[in-house]
file start.cif (mmCIF, C-alpha atoms)
data_target
#
loop_
_atom_site.group_PDB
_atom_site.id
_atom_site.type_symbol
_atom_site.label_atom_id
_atom_site.label_comp_id
_atom_site.auth_asym_id
_atom_site.auth_seq_id
_atom_site.Cartn_x
_atom_site.Cartn_y
_atom_site.Cartn_z
ATOM 1 C CA MET A 1 80.771 102.757 135.452
ATOM 2 C CA ALA A 2 83.265 102.636 138.326
ATOM 3 C CA SER A 3 84.656 99.304 137.146
ATOM 4 C CA ARG A 4 84.301 100.160 133.453
ATOM 5 C CA LEU A 5 86.541 103.201 133.353
ATOM 6 C CA PRO A 6 89.786 101.408 134.341
ATOM 7 C CA LYS A 7 89.114 98.803 131.639
ATOM 8 C CA LEU A 8 88.502 101.537 129.057
ATOM 9 C CA VAL A 9 91.777 103.164 130.125
ATOM 10 C CA VAL A 10 93.578 99.859 129.511
ATOM 11 C CA ILE A 11 91.949 99.446 126.079
ATOM 12 C CA ALA A 12 92.904 103.021 125.163
ATOM 13 C CA THR A 13 96.494 102.473 126.295
ATOM 14 C CA VAL A 14 96.968 99.173 124.446
ATOM 15 C CA GLY A 15 95.206 100.505 121.325
ATOM 16 C CA GLY A 16 97.216 103.735 121.364
ATOM 17 C CA ALA A 17 100.494 101.875 121.874
ATOM 18 C CA PHE A 18 99.751 99.512 119.013
ATOM 19 C CA SER A 19 98.770 102.437 116.800
ATOM 20 C CA GLY A 20 101.825 104.494 117.669
ATOM 21 C CA LEU A 21 104.303 101.633 117.297
ATOM 22 C CA PHE A 22 102.989 100.136 114.078
ATOM 23 C CA GLY A 23 101.232 103.040 112.333
ATOM 24 C CA VAL A 24 97.782 101.475 112.254
ATOM 25 C CA GLY A 25 94.507 102.527 113.856
ATOM 26 C CA GLY A 26 94.536 100.121 116.778
ATOM 27 C CA GLY A 27 91.326 98.330 115.802
ATOM 28 C CA THR A 28 92.884 94.866 115.924
ATOM 29 C CA VAL A 29 93.259 95.197 119.697
ATOM 30 C CA ILE A 30 90.247 97.443 120.481
ATOM 31 C CA VAL A 31 87.615 95.190 118.880
ATOM 32 C CA PRO A 32 88.641 91.933 120.658
ATOM 33 C CA LEU A 33 88.935 93.676 124.032
ATOM 34 C CA LEU A 34 85.459 95.216 123.709
ATOM 35 C CA ILE A 35 84.029 91.786 122.853
ATOM 36 C CA LEU A 36 85.958 89.600 125.308
ATOM 37 C CA TRP A 37 86.120 92.038 128.210
ATOM 38 C CA PHE A 38 82.931 94.098 127.955
ATOM 39 C CA GLY A 39 80.719 91.481 126.351
ATOM 40 C CA TYR A 40 79.965 93.722 123.375
ATOM 41 C CA GLY A 41 78.253 92.128 120.396
ATOM 42 C CA GLU A 42 80.558 91.885 117.372
ATOM 43 C CA ARG A 43 78.725 94.593 115.396
ATOM 44 C CA GLU A 44 78.701 96.992 118.350
ATOM 45 C CA ALA A 45 82.397 96.379 118.987
ATOM 46 C CA THR A 46 83.322 97.166 115.385
ATOM 47 C CA GLY A 47 81.171 100.326 115.291
ATOM 48 C CA THR A 48 82.525 101.628 118.591
ATOM 49 C CA SER A 49 86.106 100.781 117.582
ATOM 50 C CA LEU A 50 85.720 102.924 114.457
ATOM 51 C CA LEU A 51 84.683 105.929 116.565
ATOM 52 C CA ALA A 52 87.735 105.475 118.812
ATOM 53 C CA ILE A 53 89.925 105.201 115.694
ATOM 54 C CA VAL A 54 88.585 108.546 114.376
ATOM 55 C CA VAL A 55 90.132 110.233 117.403
ATOM 56 C CA ILE A 56 93.317 108.105 117.522
ATOM 57 C CA ALA A 57 94.116 108.468 113.810
ATOM 58 C CA THR A 58 93.300 112.194 113.726
ATOM 59 C CA LEU A 59 95.715 112.900 116.592
ATOM 60 C CA ALA A 60 98.397 110.648 115.102
ATOM 61 C CA ALA A 61 97.995 112.047 111.566
ATOM 62 C CA PHE A 62 98.404 115.603 112.903
ATOM 63 C CA ALA A 63 101.499 114.591 114.869
ATOM 64 C CA GLN A 64 103.085 112.923 111.822
ATOM 65 C CA GLY A 65 101.971 115.830 109.629
ATOM 66 C CA THR A 66 104.044 118.263 111.675
ATOM 67 C CA TYR A 67 107.109 116.113 110.865
ATOM 68 C CA GLY A 68 106.224 116.284 107.164
ATOM 69 C CA ASN A 69 105.664 112.541 106.818
ATOM 70 C CA VAL A 70 102.069 112.686 105.504
ATOM 71 C CA HIS A 71 101.558 112.737 101.718
ATOM 72 C CA VAL A 72 98.155 114.441 101.681
ATOM 73 C CA GLY A 73 97.397 113.803 97.995
ATOM 74 C CA ALA A 74 98.189 110.101 98.298
ATOM 75 C CA GLY A 75 96.117 109.821 101.480
ATOM 76 C CA ILE A 76 93.114 111.367 99.725
ATOM 77 C CA LEU A 77 93.609 109.244 96.595
ATOM 78 C CA ILE A 78 93.536 106.005 98.605
ATOM 79 C CA GLY A 79 91.043 107.346 101.182
ATOM 80 C CA ILE A 80 88.214 108.223 98.775
ATOM 81 C CA PRO A 81 87.688 104.696 97.376
ATOM 82 C CA ALA A 82 88.066 103.509 100.980
ATOM 83 C CA MET A 83 85.016 105.576 101.976
ATOM 84 C CA ALA A 84 82.988 103.775 99.308
ATOM 85 C CA GLY A 85 84.427 100.496 100.602
ATOM 86 C CA VAL A 86 83.473 101.149 104.192
ATOM 87 C CA ILE A 87 79.882 101.989 103.222
ATOM 88 C CA ALA A 88 79.705 98.652 101.369
ATOM 89 C CA GLY A 89 81.474 96.809 104.206
ATOM 90 C CA THR A 90 79.201 98.096 106.965
ATOM 91 C CA ALA A 91 76.117 97.341 104.834
ATOM 92 C CA LEU A 92 77.351 93.787 104.199
ATOM 93 C CA GLN A 93 78.160 93.346 107.879
ATOM 94 C CA GLN A 94 74.496 93.926 108.830
ATOM 95 C CA ARG A 95 73.499 90.988 106.616
ATOM 96 C CA ILE A 96 75.867 88.303 107.919
ATOM 97 C CA PRO A 97 75.749 86.502 111.296
ATOM 98 C CA GLU A 98 77.811 88.008 114.123
ATOM 99 C CA ARG A 99 79.813 84.804 114.458
ATOM 100 C CA ALA A 100 80.879 85.226 110.818
ATOM 101 C CA VAL A 101 82.141 88.706 111.714
ATOM 102 C CA ALA A 102 84.149 87.111 114.540
ATOM 103 C CA GLY A 103 85.491 84.485 112.115
ATOM 104 C CA ILE A 104 86.676 87.075 109.573
ATOM 105 C CA PHE A 105 88.254 89.028 112.404
ATOM 106 C CA ALA A 106 90.111 85.957 113.686
ATOM 107 C CA VAL A 107 91.561 85.390 110.196
ATOM 108 C CA LEU A 108 92.658 89.035 110.021
ATOM 109 C CA LEU A 109 94.375 88.680 113.421
ATOM 110 C CA VAL A 110 96.290 85.595 112.313
ATOM 111 C CA VAL A 111 97.407 87.326 109.090
ATOM 112 C CA SER A 112 98.393 90.454 111.009
ATOM 113 C CA ALA A 113 100.373 88.369 113.519
ATOM 114 C CA ALA A 114 102.131 86.574 110.653
ATOM 115 C CA VAL A 115 103.054 89.934 109.058
ATOM 116 C CA LEU A 116 104.541 91.107 112.367
ATOM 117 C CA VAL A 117 106.606 87.946 112.791
ATOM 118 C CA LEU A 118 107.872 87.754 109.194
ATOM 119 C CA MET B 1 102.638 107.381 88.955
ATOM 120 C CA ASP B 2 101.072 105.656 85.939
ATOM 121 C CA ALA B 3 97.553 104.352 85.294
ATOM 122 C CA LEU B 4 98.382 100.968 86.822
ATOM 123 C CA ASP B 5 99.524 102.582 90.067
ATOM 124 C CA VAL B 6 96.361 104.700 90.282
ATOM 125 C CA THR B 7 94.182 101.656 89.605
ATOM 126 C CA GLY B 8 96.079 99.713 92.256
ATOM 127 C CA LEU B 9 95.652 102.495 94.816
ATOM 128 C CA LEU B 10 91.924 102.786 94.112
ATOM 129 C CA ALA B 11 91.446 99.014 94.372
ATOM 130 C CA ILE B 12 93.431 98.603 97.566
ATOM 131 C CA GLY B 13 91.668 101.649 99.039
ATOM 132 C CA PHE B 14 88.277 100.112 98.353
ATOM 133 C CA CYS B 15 89.354 96.757 99.848
ATOM 134 C CA ALA B 16 90.767 98.469 102.954
ATOM 135 C CA GLY B 17 87.477 100.313 103.461
ATOM 136 C CA MET B 18 85.498 97.118 102.946
ATOM 137 C CA LEU B 19 87.617 95.365 105.575
ATOM 138 C CA GLY B 20 87.211 98.331 107.918
ATOM 139 C CA GLY B 21 83.449 98.206 107.572
ATOM 140 C CA LEU B 22 83.304 94.450 108.098
ATOM 141 C CA VAL B 23 85.546 94.145 111.154
ATOM 142 C CA GLY B 24 85.927 97.646 112.611
ATOM 143 C CA VAL B 25 89.558 98.388 111.822
ATOM 144 C CA GLY B 26 90.922 101.446 110.037
ATOM 145 C CA GLY B 27 92.410 99.571 107.093
ATOM 146 C CA GLY B 28 96.048 100.428 107.797
ATOM 147 C CA VAL B 29 96.986 96.770 107.369
ATOM 148 C CA LEU B 30 96.243 97.263 103.622
ATOM 149 C CA PHE B 31 96.916 100.996 103.216
ATOM 150 C CA VAL B 32 100.531 100.750 104.353
ATOM 151 C CA PRO B 33 101.695 98.046 101.891
ATOM 152 C CA GLY B 34 99.568 99.667 99.143
ATOM 153 C CA LEU B 35 101.324 103.011 99.553
ATOM 154 C CA VAL B 36 104.742 101.342 99.640
ATOM 155 C CA ILE B 37 104.109 99.178 96.556
ATOM 156 C CA PHE B 38 102.233 101.598 94.287
ATOM 157 C CA LEU B 39 103.759 104.952 95.288
ATOM 158 C CA GLY B 40 107.165 103.872 96.546
ATOM 159 C CA LEU B 41 106.746 105.673 99.880
ATOM 160 C CA THR B 42 109.096 104.743 102.716
ATOM 161 C CA GLN B 43 107.668 102.710 105.599
ATOM 162 C CA LEU B 44 107.450 105.818 107.813
ATOM 163 C CA GLU B 45 105.783 107.931 105.092
ATOM 164 C CA ALA B 46 103.366 105.093 104.296
ATOM 165 C CA GLN B 47 102.403 104.609 107.955
ATOM 166 C CA SER B 48 101.896 108.359 108.398
ATOM 167 C CA THR B 49 99.899 108.769 105.183
ATOM 168 C CA SER B 50 97.867 105.687 106.055
ATOM 169 C CA LEU B 51 96.707 107.451 109.228
ATOM 170 C CA LEU B 52 95.077 110.166 107.104
ATOM 171 C CA ALA B 53 93.224 107.565 105.001
ATOM 172 C CA ILE B 54 92.205 105.782 108.223
ATOM 173 C CA VAL B 55 90.507 108.987 109.422
ATOM 174 C CA PHE B 56 88.278 108.896 106.302
ATOM 175 C CA VAL B 57 87.404 105.217 106.803
ATOM 176 C CA ALA B 58 86.741 105.534 110.517
ATOM 177 C CA LEU B 59 84.588 108.673 110.175
ATOM 178 C CA VAL B 60 82.336 107.208 107.495
ATOM 179 C CA GLY B 61 82.286 103.785 109.179
ATOM 180 C CA ALA B 62 81.352 105.178 112.595
ATOM 181 C CA TRP B 63 78.613 107.286 110.984
ATOM 182 C CA ARG B 64 77.143 104.248 109.172
ATOM 183 C CA GLN B 65 77.370 102.002 112.260
ATOM 184 C CA GLY B 66 75.687 104.766 114.259
ATOM 185 C CA ARG B 67 72.797 104.702 111.795
ATOM 186 C CA TYR B 68 72.607 100.902 112.132
ATOM 187 C CA GLY B 69 72.474 101.260 115.943
ATOM 188 C CA ASN B 70 75.873 99.661 116.587
ATOM 189 C CA LEU B 71 77.703 102.572 118.185
ATOM 190 C CA ARG B 72 78.354 103.221 121.894
ATOM 191 C CA VAL B 73 79.454 106.829 121.598
ATOM 192 C CA ARG B 74 80.620 107.316 125.177
ATOM 193 C CA ASP B 75 82.923 104.260 125.309
ATOM 194 C CA GLY B 76 84.332 104.972 121.852
ATOM 195 C CA LEU B 77 85.142 108.583 122.711
ATOM 196 C CA ILE B 78 86.744 107.623 126.041
ATOM 197 C CA VAL B 79 89.029 105.101 124.327
ATOM 198 C CA GLY B 80 89.932 107.589 121.587
ATOM 199 C CA VAL B 81 90.605 110.529 123.875
ATOM 200 C CA LEU B 82 92.745 108.458 126.272
ATOM 201 C CA SER B 83 94.760 106.787 123.487
ATOM 202 C CA PRO B 84 97.691 109.257 123.807
ATOM 203 C CA LEU B 85 98.446 107.379 127.057
ATOM 204 C CA GLY B 86 99.206 104.428 124.838
ATOM 205 C CA VAL B 87 101.468 106.454 122.589
ATOM 206 C CA LEU B 88 103.466 107.379 125.708
ATOM 207 C CA ALA B 89 103.496 103.777 126.897
ATOM 208 C CA GLY B 90 104.568 102.669 123.435
ATOM 209 C CA THR B 91 107.453 105.114 123.385
ATOM 210 C CA VAL B 92 108.648 103.890 126.793
ATOM 211 C CA LEU B 93 108.315 100.261 125.632
ATOM 212 C CA ALA B 94 110.147 100.934 122.382
ATOM 213 C CA ASN B 95 113.099 102.272 124.348
ATOM 214 C CA ALA B 96 113.062 99.414 126.871
ATOM 215 C CA VAL B 97 112.953 96.364 124.587
ATOM 216 C CA THR B 98 114.062 95.522 121.069
ATOM 217 C CA GLU B 99 111.770 96.051 118.098
ATOM 218 C CA ARG B 100 111.781 92.284 117.517
ATOM 219 C CA THR B 101 110.507 91.658 121.042
ATOM 220 C CA LEU B 102 107.696 94.154 120.473
ATOM 221 C CA GLU B 103 106.697 92.540 117.188
ATOM 222 C CA LEU B 104 106.685 89.042 118.670
ATOM 223 C CA SER B 105 104.739 90.178 121.768
ATOM 224 C CA PHE B 106 102.030 91.887 119.749
ATOM 225 C CA ALA B 107 101.823 88.904 117.401
ATOM 226 C CA ALA B 108 101.315 86.638 120.417
ATOM 227 C CA VAL B 109 98.570 88.923 121.766
ATOM 228 C CA GLN B 110 96.815 88.858 118.388
ATOM 229 C CA LEU B 111 96.980 85.068 118.156
ATOM 230 C CA PHE B 112 95.531 84.813 121.663
ATOM 231 C CA PHE B 113 92.666 87.139 120.640
ATOM 232 C CA ALA B 114 92.047 85.103 117.476
ATOM 233 C CA TRP B 115 91.833 81.918 119.569
ATOM 234 C CA SER B 116 89.510 83.493 122.176
ATOM 235 C CA LEU B 117 87.183 85.049 119.587
ATOM 236 C CA THR B 118 86.941 81.777 117.681
ATOM 237 C CA ARG B 119 86.138 79.802 120.832
ATOM 238 C CA ARG B 120 83.495 82.339 121.776
ATOM 239 C CA ALA B 121 81.962 82.325 118.279
ATOM 240 C CA LEU B 122 81.689 78.527 118.340
ATOM 241 C CA ARG B 123 79.789 78.493 121.666
ATOM 242 C CA PRO B 124 76.009 78.270 121.615
ATOM 243 C CA ARG B 125 74.868 81.846 121.965
ATOM 244 C CA ASP B 126 71.056 82.105 122.047
ATOM 245 C CA ARG B 127 71.639 84.248 125.152
ATOM 246 C CA LEU B 128 73.361 86.813 122.954
ATOM 247 C CA GLY B 129 70.509 86.873 120.482
ATOM 248 C CA ALA B 130 72.692 86.195 117.475
#
call {"tool": "encode", "arguments": {"input": "start.cif", "output": "structure tokens"}}
result
Amino acid sequence: MASRLPKLVVIATVGGAFSGLFGVGGGTVIVPLLILWFGYGEREATGTSLLAIVVIATLAAFAQGTYGNVHVGAGILIGIPAMAGVIAGTALQQRIPERAVAGIFAVLLVVSAAVLVL
Amino acid sequence: MDALDVTGLLAIGFCAGMLGGLVGVGGGVLFVPGLVIFLGLTQLEAQSTSLLAIVFVALVGAWRQGRYGNLRVRDGLIVGVLSPLGVLAGTVLANAVTERTLELSFAAVQLFFAWSLTRRALRPRDRLGA
């Protein structure tokens, strides 16, 4: 644990910075770091990332809410179908090889990088 | 907001959740453009509102992955609870360098991760049991 905590602090800092600067959950940096640095399996990394994101996004949503930037109705309208989607996505993920999960993730990273640059 | 906008929001919401479940992200990469295109929110409003939708995705996703045995609760909570450090670091960074520098740096980090994950996935991995 002694050597794990500093690494977790770094992951939290990079994930939080990414989330705060670009308004996303931070998963695109948390998942790769858990895999490449901690040797997590792909499925474990994605599950654990989601738990971290619960905390990150809740804090950030509250902070933005106090500035009046959150449209609650719109968030619920887009969030409810997303809950159905995530149930389907996690179920599908259990049925495909872990290296396919890594492949899909790599594509997402390239797209996300392209969006940042353009 | 007409029927087309509602349909678009529902569809993009489902896709964002699907992506979140598959690769462990919150779905903001789809929520934000969806809210801008279909509801005409500003970038700041869309990013903020996206965070609320991300909470829904992440809660349900973490619950499902927990049931599948893919959740390390302790590590996930440590990363989440310490993430405000990153918000501070991000604020300092944003004041120290230009927005363009930030965007290009993060893009470079993501491309490096994509390369590393692909290399790892292509290695023989009987040791990892996958």
call {"tool": "closest_residue", "arguments": {"input": "start.cif", "among": "A:Trp37, A:Gly26, A:Pro32, A:Val70", "to": "Val54 of chain A", "atoms": "all atoms listed in the file"}}
result
A:Gly26
call {"tool": "resolve_selection", "arguments": {"input": "start.cif", "expression": "the PyMOL selection byres ((chain B and resi 91) around 12)", "output": "ChimeraX atom specification"}}
result
/A:13,16-22 /B:84-90,92-99,102
call {"tool": "atom_distance", "arguments": {"input": "start.cif", "atom1": "atom CA of Gln94 of chain A", "atom2": "atom CA of Leu51 of chain B"}}
result
26.0 Å
call {"tool": "resolve_selection", "arguments": {"input": "start.cif", "expression": "the PyMOL selection byres ((chain A and resi 9) around 9)", "output": "ChimeraX atom specification"}}
result
/A:4-8,10-14 /B:78-79,82-83,85
call {"tool": "write_last_selection", "arguments": {"input": "start.cif", "atoms": "C-alpha atoms", "output": "short mmCIF file (atom, residue, chain, number, x, y, z; two decimals), keeping the file's coordinate frame"}}
result
data_model
loop_
_atom_site.label_atom_id
_atom_site.label_comp_id
_atom_site.auth_asym_id
_atom_site.auth_seq_id
_atom_site.Cartn_x
_atom_site.Cartn_y
_atom_site.Cartn_z
CA ARG A 4 84.30 100.16 133.45
CA LEU A 5 86.54 103.20 133.35
CA PRO A 6 89.79 101.41 134.34
CA LYS A 7 89.11 98.80 131.64
CA LEU A 8 88.50 101.54 129.06
CA VAL A 10 93.58 99.86 129.51
CA ILE A 11 91.95 99.45 126.08
CA ALA A 12 92.90 103.02 125.16
CA THR A 13 96.49 102.47 126.30
CA VAL A 14 96.97 99.17 124.45
CA ILE B 78 86.74 107.62 126.04
CA VAL B 79 89.03 105.10 124.33
CA LEU B 82 92.74 108.46 126.27
CA SER B 83 94.76 106.79 123.49
CA LEU B 85 98.45 107.38 127.06
#
call {"tool": "closest_residue", "arguments": {"input": "start.cif", "among": "B:Thr42, B:Ser116, B:Asn70, B:Ser105", "to": "chain A", "atoms": "all atoms listed in the file"}}
result
B:Asn70
call {"tool": "build_atoms", "arguments": {"input": "start.cif", "residues": "segment 9-33 of chain B", "atoms": "N, CA and C atoms", "output": "PDB file, in the coordinates of the input"}}
result
ATOM      1  N   LEU B   9      95.984 101.722  93.610  1.00  0.00           N
ATOM      2  CA  LEU B   9      95.652 102.495  94.816  1.00  0.00           C
ATOM      3  C   LEU B   9      94.150 102.526  95.060  1.00  0.00           C
ATOM      4  N   LEU B  10      93.386 102.726  93.965  1.00  0.00           N
ATOM      5  CA  LEU B  10      91.924 102.786  94.112  1.00  0.00           C
ATOM      6  C   LEU B  10      91.395 101.443  94.593  1.00  0.00           C
ATOM      7  N   ALA B  11      91.928 100.350  94.013  1.00  0.00           N
ATOM      8  CA  ALA B  11      91.446  99.014  94.372  1.00  0.00           C
ATOM      9  C   ALA B  11      91.795  98.674  95.816  1.00  0.00           C
ATOM     10  N   ILE B  12      93.023  98.970  96.205  1.00  0.00           N
ATOM     11  CA  ILE B  12      93.431  98.603  97.566  1.00  0.00           C
ATOM     12  C   ILE B  12      92.722  99.500  98.581  1.00  0.00           C
ATOM     13  N   GLY B  13      92.439 100.756  98.171  1.00  0.00           N
ATOM     14  CA  GLY B  13      91.668 101.649  99.039  1.00  0.00           C
ATOM     15  C   GLY B  13      90.279 101.107  99.286  1.00  0.00           C
ATOM     16  N   PHE B  14      89.629 100.656  98.204  1.00  0.00           N
ATOM     17  CA  PHE B  14      88.277 100.112  98.353  1.00  0.00           C
ATOM     18  C   PHE B  14      88.296  98.881  99.259  1.00  0.00           C
ATOM     19  N   CYS B  15      89.264  97.983  99.036  1.00  0.00           N
ATOM     20  CA  CYS B  15      89.354  96.757  99.848  1.00  0.00           C
ATOM     21  C   CYS B  15      89.611  97.092 101.321  1.00  0.00           C
ATOM     22  N   ALA B  16      90.474  98.081 101.570  1.00  0.00           N
ATOM     23  CA  ALA B  16      90.767  98.469 102.954  1.00  0.00           C
ATOM     24  C   ALA B  16      89.508  98.988 103.642  1.00  0.00           C
ATOM     25  N   GLY B  17      88.720  99.794 102.899  1.00  0.00           N
ATOM     26  CA  GLY B  17      87.477 100.313 103.461  1.00  0.00           C
ATOM     27  C   GLY B  17      86.485  99.196 103.737  1.00  0.00           C
ATOM     28  N   MET B  18      86.393  98.273 102.796  1.00  0.00           N
ATOM     29  CA  MET B  18      85.498  97.118 102.946  1.00  0.00           C
ATOM     30  C   MET B  18      85.860  96.348 104.219  1.00  0.00           C
ATOM     31  N   LEU B  19      87.138  96.081 104.391  1.00  0.00           N
ATOM     32  CA  LEU B  19      87.617  95.365 105.575  1.00  0.00           C
ATOM     33  C   LEU B  19      87.284  96.160 106.841  1.00  0.00           C
ATOM     34  N   GLY B  20      87.511  97.477 106.769  1.00  0.00           N
ATOM     35  CA  GLY B  20      87.211  98.331 107.918  1.00  0.00           C
ATOM     36  C   GLY B  20      85.748  98.254 108.300  1.00  0.00           C
ATOM     37  N   GLY B  21      84.879  98.277 107.301  1.00  0.00           N
ATOM     38  CA  GLY B  21      83.449  98.206 107.572  1.00  0.00           C
ATOM     39  C   GLY B  21      83.037  96.864 108.150  1.00  0.00           C
ATOM     40  N   LEU B  22      83.668  95.804 107.653  1.00  0.00           N
ATOM     41  CA  LEU B  22      83.304  94.450 108.098  1.00  0.00           C
ATOM     42  C   LEU B  22      83.768  94.177 109.521  1.00  0.00           C
ATOM     43  N   VAL B  23      85.000  94.565 109.860  1.00  0.00           N
ATOM     44  CA  VAL B  23      85.546  94.145 111.154  1.00  0.00           C
ATOM     45  C   VAL B  23      85.975  95.294 112.067  1.00  0.00           C
ATOM     46  N   GLY B  24      85.704  96.555 111.673  1.00  0.00           N
ATOM     47  CA  GLY B  24      85.927  97.646 112.611  1.00  0.00           C
ATOM     48  C   GLY B  24      87.364  98.074 112.800  1.00  0.00           C
ATOM     49  N   VAL B  25      88.195  97.865 111.764  1.00  0.00           N
ATOM     50  CA  VAL B  25      89.558  98.388 111.822  1.00  0.00           C
ATOM     51  C   VAL B  25      89.665  99.554 110.842  1.00  0.00           C
ATOM     52  N   GLY B  26      90.788 100.268 110.884  1.00  0.00           N
ATOM     53  CA  GLY B  26      90.922 101.446 110.037  1.00  0.00           C
ATOM     54  C   GLY B  26      91.362 101.140 108.621  1.00  0.00           C
ATOM     55  N   GLY B  27      91.950  99.957 108.423  1.00  0.00           N
ATOM     56  CA  GLY B  27      92.410  99.571 107.093  1.00  0.00           C
ATOM     57  C   GLY B  27      93.899  99.760 106.881  1.00  0.00           C
ATOM     58  N   GLY B  28      94.615 100.180 107.922  1.00  0.00           N
ATOM     59  CA  GLY B  28      96.048 100.428 107.797  1.00  0.00           C
ATOM     60  C   GLY B  28      96.827  99.198 107.354  1.00  0.00           C
ATOM     61  N   VAL B  29      96.310  98.018 107.721  1.00  0.00           N
ATOM     62  CA  VAL B  29      96.986  96.770 107.369  1.00  0.00           C
ATOM     63  C   VAL B  29      97.080  96.615 105.843  1.00  0.00           C
ATOM     64  N   LEU B  30      96.160  97.263 105.090  1.00  0.00           N
ATOM     65  CA  LEU B  30      96.243  97.263 103.622  1.00  0.00           C
ATOM     66  C   LEU B  30      96.796  98.577 103.062  1.00  0.00           C
ATOM     67  N   PHE B  31      96.441  99.701 103.714  1.00  0.00           N
ATOM     68  CA  PHE B  31      96.916 100.996 103.216  1.00  0.00           C
ATOM     69  C   PHE B  31      98.443 101.057 103.167  1.00  0.00           C
ATOM     70  N   VAL B  32      99.072 100.589 104.253  1.00  0.00           N
ATOM     71  CA  VAL B  32     100.531 100.750 104.353  1.00  0.00           C
ATOM     72  C   VAL B  32     101.259 100.015 103.217  1.00  0.00           C
ATOM     73  N   PRO B  33     101.003  98.701 103.018  1.00  0.00           N
ATOM     74  CA  PRO B  33     101.695  98.046 101.891  1.00  0.00           C
ATOM     75  C   PRO B  33     101.291  98.633 100.543  1.00  0.00           C
TER      76      PRO B  33
END
